[in-house]
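Enquirer: What follows is target-v4.txt, made up of compact mmCIF, C-alpha atoms:
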```txt
# COMPACT_ATOMS: atom_id res chain seq x y z
CA MET E 1 11.01 157.70 -132.13
CA GLU E 2 14.26 159.10 -130.74
CA PHE E 3 12.70 160.45 -127.55
CA GLN E 4 10.51 158.71 -124.99
CA ILE E 5 8.43 161.50 -123.45
CA VAL E 6 5.81 161.14 -120.73
CA SER E 7 3.89 164.37 -120.16
CA ASP E 8 6.72 166.93 -120.07
CA VAL E 9 9.44 164.54 -118.83
CA LEU E 10 12.06 163.19 -121.26
CA LYS E 11 12.43 159.61 -120.02
CA LYS E 12 14.83 158.15 -122.56
CA TYR E 13 16.80 159.06 -125.67
CA GLU E 14 17.15 156.16 -128.10
CA GLY E 15 18.62 157.88 -131.12
CA ASN E 16 22.07 157.75 -132.69
CA SER E 17 22.48 161.33 -133.92
CA GLU E 18 25.64 163.43 -133.61
CA HIS E 19 23.65 166.65 -133.13
CA VAL E 20 20.76 166.35 -130.70
CA VAL E 21 18.05 168.98 -130.17
CA ILE E 22 15.74 168.32 -127.24
CA PRO E 23 12.15 169.34 -128.07
CA GLU E 24 10.65 172.55 -126.68
CA GLY E 25 8.28 172.13 -123.75
CA ILE E 26 10.34 169.51 -121.92
CA ARG E 27 10.49 170.40 -118.21
CA GLU E 28 12.59 167.52 -116.88
CA ILE E 29 15.31 165.24 -118.25
CA ASP E 30 15.03 162.02 -116.28
CA ASP E 31 17.80 160.00 -114.57
CA TYR E 32 19.94 158.10 -117.11
CA ALA E 33 17.97 159.59 -120.03
CA PHE E 34 21.04 159.90 -122.31
CA TYR E 35 23.22 157.33 -120.54
CA GLY E 36 25.86 156.02 -122.94
CA ALA E 37 24.73 158.06 -125.96
CA HIS E 38 28.18 157.71 -127.50
CA ALA E 39 27.42 159.24 -130.91
CA MET E 40 26.16 162.60 -129.58
CA LYS E 41 28.66 165.44 -130.15
CA THR E 42 26.46 168.51 -129.64
CA LEU E 43 23.40 169.06 -127.48
CA THR E 44 20.74 171.78 -127.48
CA ILE E 45 18.62 172.03 -124.34
CA PRO E 46 15.46 174.20 -124.49
CA SER E 47 14.74 177.04 -122.05
CA THR E 48 11.79 175.12 -120.61
CA VAL E 49 14.02 172.56 -118.82
CA LYS E 50 14.09 173.02 -115.04
CA GLU E 51 15.53 169.69 -113.86
CA ILE E 52 18.25 167.35 -115.11
CA GLY E 53 18.38 164.05 -113.23
CA SER E 54 21.27 161.99 -111.90
CA ASN E 55 23.49 160.32 -114.52
CA ALA E 56 21.39 161.97 -117.24
CA PHE E 57 24.35 162.34 -119.64
CA TYR E 58 26.71 159.84 -118.02
CA ASP E 59 29.29 158.40 -120.43
CA CYS E 60 28.24 160.51 -123.42
CA ALA E 61 31.72 159.85 -124.73
CA SER E 62 31.66 162.20 -127.76
CA LEU E 63 29.91 165.22 -126.22
CA LYS E 64 32.19 168.27 -126.49
CA GLU E 65 30.19 171.14 -125.00
CA ALA E 66 27.25 171.67 -122.65
CA VAL E 67 25.35 174.95 -122.38
CA LEU E 68 22.64 174.69 -119.75
CA PRO E 69 19.60 177.01 -119.84
CA ASP E 70 18.89 179.85 -117.40
CA SER E 71 15.67 178.05 -116.41
CA LEU E 72 17.58 175.16 -114.80
CA LEU E 73 16.99 174.76 -111.05
CA PHE E 74 18.37 171.27 -110.37
CA LEU E 75 21.33 169.32 -111.77
CA GLY E 76 21.63 165.78 -110.42
CA SER E 77 24.71 163.88 -109.30
CA ALA E 78 27.03 162.46 -111.98
CA ALA E 79 24.89 164.17 -114.64
CA PHE E 80 27.94 164.64 -116.93
CA ALA E 81 30.35 162.14 -115.34
CA ARG E 82 32.77 160.34 -117.67
CA CYS E 83 31.99 162.55 -120.66
CA CYS E 84 35.59 162.08 -121.72
CA GLU E 85 35.51 164.53 -124.68
CA LEU E 86 33.68 167.33 -122.85
CA LYS E 87 35.76 170.53 -123.08
CA ARG E 88 33.46 173.43 -122.23
CA VAL E 89 30.53 173.84 -119.84
CA TRP E 90 28.30 176.86 -119.18
CA LEU E 91 26.32 176.70 -115.94
CA PRO E 92 23.47 179.19 -115.32
CA ASP E 93 23.19 181.52 -112.33
CA SER E 94 19.94 179.80 -111.33
CA LEU E 95 21.98 176.97 -109.75
CA THR E 96 23.12 177.49 -106.14
CA SER E 97 24.91 174.16 -105.61
CA LEU E 98 26.71 171.54 -107.69
CA SER E 99 25.99 167.90 -106.94
CA ARG E 100 28.53 165.21 -106.13
CA ILE E 101 30.67 163.61 -108.90
CA LEU E 102 28.95 165.94 -111.36
CA PHE E 103 31.90 166.10 -113.80
CA PHE E 104 33.87 163.15 -112.45
CA GLY E 105 36.37 161.82 -114.97
CA CYS E 106 35.81 164.55 -117.60
CA GLU E 107 39.46 164.33 -118.59
CA LYS E 108 39.36 167.01 -121.31
CA LEU E 109 37.32 169.61 -119.44
CA GLU E 110 39.20 172.93 -119.79
CA GLU E 111 36.62 175.70 -119.41
CA ILE E 112 33.72 175.94 -116.99
CA ARG E 113 31.56 178.95 -116.23
CA LEU E 114 30.36 178.72 -112.62
CA PRO E 115 27.11 180.28 -111.33
CA VAL E 116 27.57 183.61 -109.53
CA ASN E 117 25.20 182.49 -106.74
CA LEU E 118 26.95 179.18 -106.06
CA THR E 119 27.23 178.33 -102.33
CA LYS E 120 28.40 174.68 -102.36
CA ILE E 121 30.40 172.37 -104.62
CA GLY E 122 29.64 168.71 -103.90
CA ARG E 123 31.91 165.77 -103.23
CA ALA E 124 34.32 164.83 -106.03
CA CYS E 125 32.54 167.24 -108.38
CA PHE E 126 35.65 167.76 -110.55
CA GLN E 127 37.65 164.70 -109.52
CA ASN E 128 40.10 163.57 -112.22
CA CYS E 129 39.35 166.52 -114.50
CA THR E 130 42.99 166.46 -115.49
CA ARG E 131 42.97 169.41 -117.90
CA LEU E 132 41.53 172.01 -115.53
CA ASN E 133 44.18 174.68 -115.14
CA VAL E 134 42.75 177.70 -113.29
CA MET E 135 39.62 177.93 -111.12
CA VAL E 136 38.16 181.26 -109.98
CA LEU E 137 35.52 180.40 -107.41
CA PRO E 138 32.53 182.76 -107.07
CA GLU E 139 32.24 185.19 -104.14
CA SER E 140 29.09 183.43 -102.91
CA LEU E 141 30.83 180.07 -102.33
CA ARG E 142 30.86 178.80 -98.72
CA ILE E 143 31.60 175.05 -98.89
CA LEU E 144 33.98 172.79 -100.83
CA GLU E 145 33.04 169.21 -99.99
CA ASP E 146 35.48 166.27 -99.96
CA SER E 147 37.71 165.54 -102.97
CA VAL E 148 36.32 168.35 -105.15
CA PHE E 149 39.59 168.70 -107.13
CA ASP E 150 41.13 165.34 -106.24
CA GLY E 151 43.41 164.17 -109.06
CA CYS E 152 43.31 167.45 -111.03
CA ARG E 153 47.03 167.12 -111.63
CA ASN E 154 47.35 170.08 -114.03
CA LEU E 155 45.51 172.53 -111.80
CA GLU E 156 47.92 175.44 -111.25
CA ALA E 157 45.84 178.12 -109.54
CA VAL E 158 42.69 178.34 -107.43
CA PHE E 159 41.28 181.66 -106.24
CA PHE E 160 39.10 181.44 -103.14
CA PRO E 161 36.32 183.87 -102.21
CA GLU E 162 36.77 185.73 -98.94
CA LYS E 163 33.66 184.15 -97.39
CA LEU E 164 34.67 180.52 -97.91
CA GLU E 165 34.04 178.60 -94.66
CA GLU E 166 34.76 174.90 -95.26
CA ILE E 167 37.35 172.90 -97.21
CA GLY E 168 36.66 169.17 -97.03
CA ASN E 169 38.92 166.10 -96.94
CA ASN E 170 41.39 165.55 -99.80
CA VAL E 171 40.12 168.55 -101.77
CA PHE E 172 43.49 169.10 -103.51
CA PHE E 173 44.87 165.57 -103.25
CA GLY E 174 47.33 164.90 -106.08
CA CYS E 175 47.15 168.45 -107.52
CA GLU E 176 50.91 168.30 -108.01
CA HIS E 177 51.21 171.46 -110.12
CA LEU E 178 49.21 173.65 -107.75
CA ALA E 179 51.70 176.38 -106.86
CA GLU E 180 49.97 178.49 -104.23
CA LEU E 181 46.88 178.66 -102.03
CA ARG E 182 45.81 181.69 -100.03
CA ILE E 183 43.26 180.57 -97.46
CA PRO E 184 40.71 183.32 -96.63
CA GLU E 185 40.23 184.77 -93.14
CA ASN E 186 36.68 183.42 -92.90
CA ILE E 187 37.71 179.74 -93.02
CA ARG E 188 36.26 177.64 -90.21
CA SER E 189 37.27 174.05 -91.01
CA VAL E 190 39.78 172.19 -93.20
CA GLY E 191 39.58 168.42 -93.66
CA SER E 192 42.22 165.70 -93.55
CA GLY E 193 44.63 165.65 -96.48
CA ALA E 194 43.10 168.82 -97.93
CA PHE E 195 46.55 170.19 -98.88
CA GLU E 196 48.19 166.87 -99.82
CA THR E 197 49.11 167.96 -103.33
CA LYS E 198 52.13 165.65 -103.75
CA GLY E 199 54.09 168.63 -105.08
CA HIS E 200 55.45 172.03 -104.11
CA LEU E 201 52.95 174.29 -102.42
CA LYS E 202 53.14 177.84 -101.13
CA LEU E 203 50.47 177.98 -98.45
CA GLU E 204 49.26 181.21 -96.87
CA MET E 205 47.09 180.68 -93.80
CA PRO E 206 45.09 183.29 -91.88
CA SER E 207 46.43 184.28 -88.46
CA GLY E 208 43.39 183.07 -86.56
CA PHE E 209 43.31 179.53 -87.97
CA ILE E 210 45.44 176.73 -86.51
CA LEU E 211 47.01 174.39 -89.07
CA LYS E 212 46.80 170.72 -88.02
CA PRO E 213 49.09 167.89 -89.17
CA ALA E 214 46.13 165.91 -90.56
CA MET E 215 45.49 168.66 -93.12
CA LEU E 216 48.78 167.64 -94.77
CA ASP E 217 50.18 164.32 -95.93
CA ALA E 218 50.78 162.00 -92.97
CA LYS E 219 54.35 161.39 -94.19
CA TRP E 220 55.20 164.82 -95.55
CA ASN E 221 58.78 166.05 -95.19
CA MET E 222 59.72 163.11 -92.99
CA TYR E 223 62.75 161.97 -94.95
CA TRP E 224 64.36 165.14 -96.30
CA ASN E 225 67.81 164.18 -94.94
CA GLU E 226 67.87 160.42 -95.47
CA GLY E 227 70.25 158.73 -97.89
CA SER E 228 70.99 160.88 -100.92
CA VAL E 229 67.72 162.82 -100.82
CA LYS E 230 68.51 166.28 -99.41
CA ASN E 231 66.87 167.98 -102.36
CA GLU E 232 64.21 170.61 -102.76
CA LYS E 233 61.77 168.30 -104.53
CA ARG E 234 61.05 166.50 -101.28
CA TYR E 235 59.49 169.57 -99.70
CA LEU E 236 55.73 169.88 -99.61
CA LEU E 237 55.71 173.46 -98.34
CA HIS E 238 57.92 176.25 -99.57
CA ASP E 239 57.93 179.94 -98.66
CA SER E 240 54.65 179.42 -96.80
CA TYR E 241 53.10 181.75 -94.24
CA ILE E 242 51.56 179.75 -91.38
CA PRO E 243 51.27 181.97 -88.31
CA SER E 244 49.17 179.69 -86.10
CA LEU E 245 49.98 176.09 -85.18
CA ARG E 246 51.15 173.88 -82.34
CA ILE E 247 54.52 172.86 -83.69
CA ASN E 248 55.03 169.89 -81.37
CA GLU E 249 51.94 168.21 -82.82
CA PHE E 250 53.95 167.64 -86.00
CA LYS E 251 56.54 164.95 -86.66
CA PRO E 252 60.18 165.88 -86.02
CA TYR E 253 61.36 166.85 -89.50
CA ALA E 254 58.02 168.42 -90.31
CA ARG E 255 58.68 170.80 -87.41
CA ALA E 256 61.97 171.82 -89.01
CA VAL E 257 60.29 172.51 -92.35
CA LEU E 258 57.64 174.62 -90.66
CA ALA E 259 60.35 176.52 -88.81
CA VAL E 260 62.20 177.23 -92.07
CA ASN E 261 58.96 178.44 -93.66
CA TYR E 262 58.46 180.75 -90.70
CA LEU E 263 61.92 182.23 -91.22
CA GLU E 264 61.38 182.61 -94.98
CA THR E 265 58.13 184.54 -94.54
CA TYR E 266 59.12 186.35 -91.34
CA THR E 267 57.03 189.43 -90.50
CA HIS E 268 57.04 189.44 -86.69
CA HIS E 269 58.12 187.33 -83.72
CA ILE E 270 56.00 184.24 -83.01
CA GLU E 271 56.96 182.54 -79.77
CA GLU E 272 55.76 179.06 -80.76
CA TYR E 273 58.31 178.91 -83.60
CA GLU E 274 61.18 180.71 -81.96
CA ASN E 275 61.18 178.59 -78.83
CA TRP E 276 61.44 175.49 -80.99
CA ILE E 277 64.16 177.01 -83.20
CA GLY E 278 66.13 177.91 -80.09
CA GLU E 279 66.03 174.28 -78.95
CA ASN E 280 66.78 172.82 -82.41
CA THR E 281 69.05 175.41 -84.01
CA ASP E 282 71.46 172.95 -85.63
CA LEU E 283 68.66 171.03 -87.36
CA VAL E 284 67.17 174.26 -88.75
CA ILE E 285 70.55 175.51 -90.01
CA GLU E 286 71.35 172.13 -91.59
CA MET E 287 68.03 172.16 -93.45
CA THR E 288 68.38 175.74 -94.70
CA VAL E 289 71.95 175.20 -95.90
CA SER E 290 71.42 171.77 -97.51
CA ALA E 291 68.26 172.95 -99.28
CA LYS E 292 69.82 176.36 -100.16
CA ARG E 293 66.96 178.25 -98.53
CA PHE E 294 69.18 181.18 -97.68
CA ASN E 295 66.41 183.75 -97.22
CA ALA E 296 65.40 181.85 -94.11
CA LEU E 297 68.94 182.00 -92.77
CA ASN E 298 69.31 185.69 -93.58
CA HIS E 299 66.12 186.51 -91.69
CA ALA E 300 67.19 184.35 -88.74
CA LEU E 301 70.50 186.22 -88.43
CA SER E 302 69.09 189.70 -89.08
CA GLU E 303 66.35 189.29 -86.48
CA GLY E 304 68.61 187.66 -83.91
CA ILE E 305 66.60 184.43 -83.90
CA ILE E 306 69.82 182.47 -84.54
CA SER E 307 73.15 183.82 -83.30
CA SER E 308 76.03 184.38 -85.72
CA GLU E 309 78.27 181.95 -83.79
CA LYS E 310 75.87 179.12 -84.58
CA ILE E 311 76.36 179.66 -88.33
CA GLU E 312 80.15 179.37 -88.21
CA PRO E 313 80.47 175.55 -88.55
CA TYR E 314 78.20 175.53 -91.62
CA LEU E 315 79.85 178.27 -93.71
CA SER E 316 82.14 175.78 -95.45
CA MET E 317 79.06 173.94 -96.76
CA ILE E 318 77.83 177.00 -98.67
CA THR E 319 79.21 176.96 -102.22
CA ASP E 320 77.21 179.91 -103.60
CA ARG E 321 79.66 182.81 -103.30
CA ASP E 322 77.03 185.57 -103.34
CA GLU E 323 74.93 183.92 -100.66
CA LYS E 324 78.00 183.23 -98.57
CA ALA E 325 79.09 186.87 -98.84
CA LYS E 326 75.63 188.04 -97.82
CA LEU E 327 75.64 185.79 -94.75
CA LEU E 328 79.13 186.93 -93.77
CA GLU E 329 78.05 190.57 -94.04
CA ILE E 330 75.00 189.98 -91.83
CA ARG E 331 77.23 188.07 -89.40
CA ARG E 332 79.74 190.94 -89.28
CA ASN E 333 76.98 193.48 -88.66
CA ALA E 334 75.53 191.33 -85.90
CA LYS E 335 78.96 191.04 -84.30
CA LYS E 336 79.43 194.84 -84.48
CA ASP E 337 76.08 195.33 -82.74
CA ASP E 338 77.13 192.89 -80.01
CA ASP E 339 80.46 194.68 -79.59
CA LEU E 340 78.76 198.08 -79.37
CA LEU E 341 76.33 196.72 -76.81
CA SER E 342 79.27 195.36 -74.82
CA LEU E 343 81.02 198.76 -74.92
CA ASP E 344 77.83 200.51 -73.78
CA LEU E 345 77.54 198.12 -70.86
CA ASP E 346 81.20 198.73 -69.96
CA ASP E 347 80.51 202.49 -69.93
CA LEU E 348 77.65 201.93 -67.51
CA PHE E 349 79.91 200.21 -64.99
```
Let's see the structure in the file written out as structure tokens.
Expert:
Amino acid sequence: MEFQIVSDVLKKYEGNSEHVVIPEGIREIDDYAFYGAHAMKTLTIPSTVKEIGSNAFYDCASLKEAVLPDSLLFLGSAAFARCCELKRVWLPDSLTSLSRILFFGCEKLEEIRLPVNLTKIGRACFQNCTRLNVMVLPESLRILEDSVFDGCRNLEAVFFPEKLEEIGNNVFFGCEHLAELRIPENIRSVGSGAFETKGHLKLEMPSGFILKPAMLDAKWNMYWNEGSVKNEKRYLLHDSYIPSLRINEFKPYARAVLAVNYLETYTHHIEEYENWIGENTDLVIEMTVSAKRFNALNHALSEGIISSEKIEPYLSMITDRDEKAKLLEIRRNAKKDDDLLSLDLDDLF
């Protein structure tokens, strides 16, 4: 017989069919029940199933789709790990958490329907799912455990719910195509290396949350001006809004990058940044000019964070005529304001 069944528990599948239909009346699929069932391409699970054990479908190398029944209450760890042909998964709303390494190494997984009542996604749940592109996380979600999207190198967008509280260690490690993350106001903790994507990242942090160096790559942005580097591809953060941090906790060049990001996304004066910029003006100007991040320089001049005289030695380095003209115009306007202020003071005395 294809199925070993004890009472209402499916203990083991020993068949070699491409299309498998689990018998009605089964309540539980045991640990390792379909382990290594390489021939199976399609799977029908009856509505009587309430539990699927750990590693139940591990290494079902030909399985392309999994639709799990609304009756399901428990889905064990690594249940579909290393199903290398799995493309689509439908998870029922009866599940409130996803176990660790649940879809680990499902390299062709492209579509997944998440439960609307989901509160937690377990460690490394989607690690190395290299074809995941966009993830919209349900409003109920509170916790992303460690390494949830580690190695999802084609992941481009993740949309967080407003009530998300925890992001674990290395959650987005190696997600090099991830363009932007907007962290919700409710966040309480972020783990080490959580934002170490190894690529460009626009990061928007809430005003009440302090960004720590450990949340980023330990070496990020350290060598932007060494040798022949000086190019935009070395930046981890770009056009990022990070209102709360202790800038001197970061390594020297990382501070400059954070300062440039502050100027790019400027909305109001933040003393922590501006004190540092005032003490390291030349470094900030050199970075903005060499990396052609002229919006940062324009804001710095317009808001009086950097004086127009400080820009003068660097104008010859700017080869973009339009950007140079814009800077010169801002500089002229700033000088006019200074002259008018000087005249007003002369009138007073």
Enquirer: Excluding Glu107 (chain E) and its own-chain neighbours fewer than 6 positions away, which residues fall within 7 Å of it when counting only C-alpha atoms? Please give them as a VMD selection string.
Expert: chain E and resid 84 128 to 131
Enquirer: Please report the interatomic distance between CA of Met317 (chain E) and CA of Leu237 (chain E) in Å with one decimal.
Expert: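 These two atoms are separated by 23.4 Å.
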Enquirer: Do you know which residues are at most 7 Å from Lys11 (chain E) counting all atoms listed in the file, after dropping those on the same chain fewer than 3 positions away, and could you put them as number ranges by chain?
Expert: E: 4-6, 29-30, 33
Enquirer: Using all atoms listed in the file for the distances, tell me which of E:Ala214, E:Val49, E:Leu328, E:Phe209 is nearest to Phe195 (chain E).
Expert: E:Ala214
Enquirer: Determine, counting all atoms listed in the file, every residue of protein, DNA or RNA that lies within 7 Å of (44.2, 179.4, -84.4) in the file coordinates, then give the result as a PDB file with C-alpha atoms, in the frame of the given file.
Expert:
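Contents of the output file out-v9.pdb:
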```
ATOM      1  CA  SER E 207      46.430 184.280 -88.460  1.00  0.00           C
ATOM      2  CA  GLY E 208      43.390 183.070 -86.560  1.00  0.00           C
ATOM      3  CA  PHE E 209      43.310 179.530 -87.970  1.00  0.00           C
ATOM      4  CA  ILE E 210      45.440 176.730 -86.510  1.00  0.00           C
ATOM      5  CA  SER E 244      49.170 179.690 -86.100  1.00  0.00           C
ATOM      6  CA  LEU E 245      49.980 176.090 -85.180  1.00  0.00           C
TER       7      LEU E 245
END
```
Enquirer: Just the number, please: distance in Å from CA of Arg255 (chain E) to CA of Ala179 (chain E), one decimal.
Expert: 21.4 Å
Enquirer: Give me the residues near region 183-194 of chain E as a list in words, where near means some atom within 6 Å (using only C-alpha atoms) and where sequence neighbours in that chain fewer than 4 positions away do not count.
Expert: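 Counting only the stated atoms, we get Glu162, Lys163, Leu164, Glu165, Glu166, Ile167, Gly168, Asn169, Asn170, Val171, Phe172, Met205, Pro206, Ala214, Met215, Leu216 and Asp217 of chain E.
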Enquirer: Any idea what the distance is between CA of Ala256 (chain E) and CA of Trp276 (chain E)?
Expert: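 Rounded to one decimal, the two atoms are 8.8 Å apart.
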Enquirer: Choose the residue, out of E:Glu18, E:Glu312, E:Asp150, E:Asp31, that has the smallest atom-to-atom separation from Ala124 (chain E); count all atoms listed in the file.
Expert: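 Under the stated criterion, the closest residue is E:Asp150.
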Enquirer: Could you check the closest approach to Ile277 (chain E) for each of E:Phe159, E:Tyr262, E:Tyr13, E:Phe126 and tell me which residue wins, using all atoms listed in the file?
Expert: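 Checking each of E:Phe159, E:Tyr262, E:Tyr13, E:Phe126 against Ile277 (chain E), counting all atoms listed in the file, the winner is E:Tyr262.
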Enquirer: I want to know what sits within 10 Å of Asp93 (chain E), based on all atoms listed in the file, with residues of the same chain fewer than 4 positions away left out; could you give that as a list in words?
Expert: Pro69, Asp70, Ser71, Leu72, Leu73, Arg113, Leu114, Pro115, Val116, Asn117 and Leu118 of chain E
